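> File target-v4.tsv follows (TSV, C-alpha atoms):
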```tsv
chain	number	residue	atom	x	y	z
A	1	GLY	CA	22.29	-63.01	-7.93
A	2	GLY	CA	22.33	-63.33	-4.14
A	3	ALA	CA	22.58	-60.51	-1.62
A	4	PHE	CA	25.84	-59.72	0.11
A	5	ASN	CA	26.22	-60.45	3.79
A	6	PRO	CA	25.80	-57.27	5.87
A	7	GLU	CA	28.89	-55.24	6.63
A	8	ARG	CA	30.01	-55.60	10.23
A	9	GLY	CA	32.42	-53.46	12.15
A	10	GLN	CA	34.08	-53.01	15.52
A	11	SER	CA	35.61	-49.76	16.69
A	12	LYS	CA	37.88	-48.79	19.54
A	13	GLU	CA	38.63	-45.19	20.48
A	14	ILE	CA	40.27	-43.29	23.30
A	15	GLY	CA	40.66	-39.54	23.58
A	16	LEU	CA	41.31	-36.48	25.68
A	17	LYS	CA	39.46	-33.18	25.82
A	18	TYR	CA	40.74	-29.89	27.21
A	19	GLU	CA	38.83	-26.69	27.89
A	20	ALA	CA	40.42	-23.54	29.28
A	21	PRO	CA	39.14	-22.36	32.67
A	22	ASN	CA	37.68	-19.26	31.01
A	23	LYS	CA	36.11	-21.48	28.28
A	24	ARG	CA	37.62	-19.32	25.53
A	25	TYR	CA	39.47	-22.14	23.83
A	26	GLY	CA	39.87	-25.89	23.92
A	27	GLY	CA	40.76	-28.97	21.94
A	28	THR	CA	40.44	-32.72	21.61
A	29	VAL	CA	42.73	-35.54	20.54
A	30	SER	CA	41.62	-39.10	19.86
A	31	VAL	CA	43.20	-42.35	18.71
A	32	PHE	CA	40.99	-44.92	17.02
A	33	GLU	CA	40.88	-48.25	15.20
A	34	ILE	CA	37.96	-49.57	13.15
A	35	ASP	CA	37.84	-53.12	11.80
A	36	LYS	CA	35.22	-54.02	9.18
A	37	LYS	CA	34.17	-57.22	7.48
A	38	ASN	CA	32.29	-57.76	4.20
A	39	VAL	CA	33.31	-54.37	2.83
A	40	LEU	CA	32.05	-53.89	-0.75
A	41	THR	CA	34.26	-52.57	-3.54
A	42	ASN	CA	34.03	-52.63	-7.31
A	43	ASP	CA	34.91	-55.93	-9.00
A	44	PRO	CA	38.07	-55.35	-11.11
A	45	ALA	CA	37.17	-58.33	-13.34
A	46	ASN	CA	33.53	-57.35	-13.97
A	47	ALA	CA	32.79	-53.67	-14.56
A	48	GLY	CA	29.62	-52.50	-12.86
A	49	PHE	CA	29.61	-55.31	-10.27
A	50	SER	CA	30.73	-55.38	-6.65
A	51	ILE	CA	32.72	-57.79	-4.53
A	52	ALA	CA	33.17	-58.15	-0.78
A	53	ALA	CA	36.78	-57.11	-0.21
A	54	GLY	CA	36.96	-59.27	2.89
A	55	GLU	CA	38.23	-57.29	5.84
A	56	ALA	CA	39.47	-53.72	6.16
A	57	ARG	CA	41.04	-51.68	8.93
A	58	SER	CA	41.20	-47.95	9.57
A	59	ARG	CA	43.28	-46.54	12.35
A	60	GLY	CA	44.72	-43.16	13.13
A	61	VAL	CA	44.60	-40.02	15.19
A	62	GLU	CA	42.49	-36.85	15.06
A	63	PHE	CA	43.09	-33.38	16.53
A	64	ASP	CA	40.59	-30.54	16.90
A	65	PHE	CA	41.09	-27.03	18.25
A	66	SER	CA	38.73	-24.09	18.57
A	67	GLY	CA	39.16	-20.88	20.44
A	68	GLN	CA	38.53	-17.20	20.89
A	69	ILE	CA	42.14	-16.06	20.59
A	70	THR	CA	41.29	-12.42	21.24
A	71	ASP	CA	38.02	-10.57	21.75
A	72	LYS	CA	37.74	-10.22	17.98
A	73	ILE	CA	39.54	-13.23	16.50
A	74	ARG	CA	38.17	-16.78	16.54
A	75	VAL	CA	39.94	-19.81	15.04
A	76	LEU	CA	39.04	-23.41	14.24
A	77	ALA	CA	41.49	-26.11	13.14
A	78	ASN	CA	41.57	-29.87	12.74
A	79	TYR	CA	43.89	-32.56	11.42
A	80	ALA	CA	43.48	-36.30	10.84
A	81	TYR	CA	45.93	-39.09	10.05
A	82	ILE	CA	44.17	-42.25	8.84
A	83	ASP	CA	45.84	-45.48	7.79
A	84	ALA	CA	43.08	-47.41	6.00
A	85	GLU	CA	43.82	-50.66	4.19
A	86	ILE	CA	42.46	-54.05	3.17
A	87	THR	CA	43.65	-56.67	5.66
A	88	LYS	CA	42.09	-59.85	4.26
A	89	ASP	CA	40.94	-60.86	0.79
A	90	ASN	CA	40.69	-63.92	-1.43
A	91	ASN	CA	42.96	-62.05	-3.84
A	92	ALA	CA	46.27	-61.87	-1.99
A	93	ALA	CA	47.40	-58.99	-4.20
A	94	LEU	CA	44.76	-56.76	-2.59
A	95	VAL	CA	45.95	-57.30	0.97
A	96	GLY	CA	47.62	-54.09	2.09
A	97	ALA	CA	45.94	-51.99	-0.62
A	98	ARG	CA	44.61	-48.65	0.57
A	99	LEU	CA	40.88	-48.14	0.89
A	100	THR	CA	39.42	-46.03	-1.90
A	101	ASN	CA	39.11	-42.26	-1.36
A	102	VAL	CA	40.60	-42.24	2.14
A	103	PRO	CA	43.52	-39.78	2.50
A	104	LYS	CA	46.27	-40.47	4.99
A	105	HIS	CA	46.52	-36.77	5.81
A	106	SER	CA	43.74	-34.19	5.86
A	107	GLY	CA	43.04	-31.01	7.74
A	108	SER	CA	41.52	-27.57	7.72
A	109	ALA	CA	41.91	-24.20	9.41
A	110	LEU	CA	39.63	-21.19	9.64
A	111	ALA	CA	40.13	-17.74	11.16
A	112	MET	CA	37.33	-15.24	11.73
A	113	TYR	CA	37.54	-11.56	12.66
A	114	GLU	CA	34.37	-10.19	14.26
A	115	ASP	CA	33.53	-6.74	15.53
A	116	GLY	CA	30.65	-4.33	15.96
A	117	PHE	CA	29.94	-0.79	14.85
A	118	ALA	CA	27.02	1.63	14.72
A	119	ALA	CA	25.29	-0.24	11.88
A	120	GLY	CA	25.45	-3.63	13.56
A	121	ARG	CA	27.92	-6.48	13.83
A	122	TYR	CA	30.12	-7.95	11.09
A	123	GLY	CA	32.62	-10.73	10.51
A	124	LEU	CA	35.34	-11.47	7.96
A	125	GLY	CA	37.04	-14.82	7.65
A	126	ALA	CA	39.21	-17.11	5.54
A	127	GLY	CA	40.26	-20.71	5.69
A	128	ALA	CA	41.90	-23.57	3.84
A	129	THR	CA	41.18	-27.29	3.50
A	130	TYR	CA	43.83	-29.88	2.64
A	131	VAL	CA	43.14	-33.43	1.43
A	132	GLY	CA	46.05	-35.77	0.78
A	133	LYS	CA	46.58	-38.38	-1.91
A	134	ARG	CA	44.02	-41.18	-2.06
A	135	ALA	CA	43.68	-44.59	-3.70
A	136	GLY	CA	41.55	-44.23	-6.83
A	137	ASN	CA	40.13	-47.75	-6.98
A	138	SER	CA	39.83	-50.96	-4.99
A	139	ILE	CA	43.08	-52.44	-6.31
A	140	ASP	CA	45.05	-49.25	-5.58
A	141	SER	CA	46.39	-49.11	-9.13
A	142	PHE	CA	46.25	-45.32	-9.34
A	143	GLU	CA	45.80	-42.43	-6.95
A	144	LEU	CA	44.03	-39.11	-6.84
A	145	PRO	CA	46.39	-36.18	-6.23
A	146	SER	CA	46.30	-34.12	-3.07
A	147	TYR	CA	44.71	-30.69	-3.15
A	148	THR	CA	44.19	-27.55	-1.09
A	149	THR	CA	41.23	-25.22	-1.47
A	150	VAL	CA	40.67	-21.79	0.05
A	151	ARG	CA	37.41	-20.22	1.15
A	152	THR	CA	36.44	-16.77	2.37
A	153	MET	CA	33.34	-15.59	4.18
A	154	ALA	CA	31.76	-12.43	5.46
A	155	TYR	CA	28.58	-11.50	7.29
A	156	TRP	CA	26.75	-8.43	8.49
A	157	LYS	CA	24.07	-8.35	11.19
A	158	PRO	CA	22.34	-4.97	11.20
A	159	ASN	CA	20.19	-6.15	14.11
A	160	LYS	CA	19.40	-9.27	16.14
A	161	THR	CA	16.87	-10.63	13.65
A	162	LEU	CA	18.57	-10.04	10.28
A	163	ARG	CA	21.80	-11.48	8.90
A	164	PHE	CA	23.42	-11.14	5.45
A	165	SER	CA	26.29	-13.38	4.35
A	166	LEU	CA	28.69	-13.88	1.44
A	167	ASP	CA	30.68	-17.13	1.09
A	168	ILE	CA	33.18	-18.00	-1.64
A	169	ASP	CA	34.29	-21.63	-1.80
A	170	ASN	CA	37.33	-22.70	-3.85
A	171	LEU	CA	38.37	-19.05	-4.08
A	172	PHE	CA	41.13	-19.61	-6.65
A	173	ASP	CA	38.98	-21.92	-8.81
A	174	LYS	CA	41.40	-24.81	-8.37
A	175	THR	CA	40.87	-27.97	-10.41
A	176	TYR	CA	40.83	-31.01	-8.13
A	177	TYR	CA	39.28	-34.46	-7.89
A	178	ALA	CA	36.98	-35.12	-4.97
A	179	SER	CA	36.56	-38.89	-5.32
A	180	SER	CA	36.61	-41.81	-7.72
A	181	TYR	CA	35.19	-45.27	-8.17
A	182	ASP	CA	37.64	-46.40	-10.85
A	183	VAL	CA	39.89	-44.94	-13.53
A	184	TYR	CA	36.88	-44.20	-15.76
A	185	TRP	CA	34.66	-42.89	-12.95
A	186	ILE	CA	36.25	-39.86	-11.33
A	187	THR	CA	34.30	-37.02	-9.73
A	188	PRO	CA	35.79	-33.53	-10.13
A	189	GLY	CA	35.55	-31.07	-7.29
A	190	ALA	CA	33.24	-28.07	-7.37
A	191	PRO	CA	34.59	-24.94	-9.09
A	192	ARG	CA	34.58	-21.51	-7.48
A	193	THR	CA	31.17	-21.11	-5.86
A	194	VAL	CA	29.74	-17.81	-4.60
A	195	THR	CA	26.80	-17.92	-2.19
A	196	LEU	CA	24.81	-14.92	-1.01
A	197	GLY	CA	22.52	-15.48	1.94
A	198	MET	CA	19.96	-13.69	4.06
A	199	GLN	CA	18.47	-14.96	7.29
A	200	ALA	CA	15.55	-13.39	9.11
A	201	LYS	CA	14.10	-14.36	12.48
A	202	PHE	CA	10.52	-13.63	13.44
```
Write the structure described by the file as structure tokens, please.

Amino acid sequence: GGAFNPERGQSKEIGLKYEAPNKRYGGTVSVFEIDKKNVLTNDPANAGFSIAAGEARSRGVEFDFSGQITDKIRVLANYAYIDAEITKDNNAALVGARLTNVPKHSGSALAMYEDGFAAGRYGLGAGATYVGKRAGNSIDSFELPSYTTVRTMAYWKPNKTLRFSLDIDNLFDKTYYASSYDVYWITPGAPRTVTLGMQAKF
């Protein structure tokens, strides 16, 4: 019936950033480690209750790149490797278990083609997002499969104050699982989603 002690953490990070002299492209890389105490997870012995898993550690590396490759083509890309695990627990079997819903590998890439013509400016783009396998619960007894989704986007700006857009997420309507709390509590990912938009500035 008592409250849990607050979660505490300590993080260390070092990185590099590069930007081209003409500022058309650049990237970053960083290495990090995060140590946490009193991390809450579900209690495997009592459904619906939580326990403090003890201590957990996340460490890895992240890359980001963005750039105007040509006058008409712009790209964005990122990748992350994260090793996240329980490092201390009263239950020795949990030490070394992966943290729930944290993939070791994840990344995304997006390319956009933009140009102008008599009726304004337009853009067409496509990209993909990858999420690797993840632990499905606090005892790492099952895992969620990896998945890749594709998105497309387009916009048209007839003038400086008006913009129309069309975005399609999960273009191929892939079935995937975004996260889970336990084997009986799994959240499916969103199906194909089409979004029409209009923006006006006054």
> Taking (42.2, -40.5, 2.8) in the file's coordinates as the center, which residues reach within 7 Å of it, counting all atoms listed in the file, put as a PDB file with C-alpha atoms, in the frame of the given file?

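Dumped to selection-v5.pdb:
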```pdb
ATOM      1  CA  ILE A  82      44.170 -42.250   8.840  1.00  0.00           C
ATOM      2  CA  ASN A 101      39.110 -42.260  -1.360  1.00  0.00           C
ATOM      3  CA  VAL A 102      40.600 -42.240   2.140  1.00  0.00           C
ATOM      4  CA  PRO A 103      43.520 -39.780   2.500  1.00  0.00           C
ATOM      5  CA  LYS A 104      46.270 -40.470   4.990  1.00  0.00           C
ATOM      6  CA  HIS A 105      46.520 -36.770   5.810  1.00  0.00           C
ATOM      7  CA  GLY A 132      46.050 -35.770   0.780  1.00  0.00           C
ATOM      8  CA  LYS A 133      46.580 -38.380  -1.910  1.00  0.00           C
ATOM      9  CA  ARG A 134      44.020 -41.180  -2.060  1.00  0.00           C
TER      10      ARG A 134
END
```
> So, counting only C-alpha atoms, which residue among A:Ser58, A:Asn78, A:Asn38, A:Ser180 is closest to A:Ala3?
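The shortest atom-to-atom distance to A:Ala3 comes from A:Asn38.
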> From the set A:Lys88, A:Lys12, A:Arg121, A:Arg24, which residue has the shortest atom-to-atom contact distance to A:Arg74, counting all atoms listed in the file?
A:Arg24
> Which of these residues is nearest to A:Tyr122, using only C-alpha atoms: A:Thr100, A:Thr87, A:Ser179, A:Ser165?
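The closest residue to A:Tyr122 is A:Ser165.
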> Give the answer as one residue: which of A:Ile69, A:Val150, A:Ala84, A:Ala77 has the shortest atom-to-atom distance to A:Phe32, using all atoms listed in the file?
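Counting all atoms listed in the file, the residue closest to A:Phe32 is A:Ala84.
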> Which residue, A:Gly54, A:Gly48, A:Gly9, A:Gly127, has the smallest gap to A:Asn90 when you use all atoms listed in the file?
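Between A:Gly54, A:Gly48, A:Gly9, A:Gly127, the residue approaching A:Asn90 most closely is A:Gly54.
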> In Å, rounded to a single decimal, give me how far atom CA of A:Glu33 is from atom CA of A:Glu19.
25.1 Å
> Using Å and a single decimal, report how far atom CA of A:Val31 sits from atom CA of A:Arg57.
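Distance reported for this atom pair: 13.7 Å.
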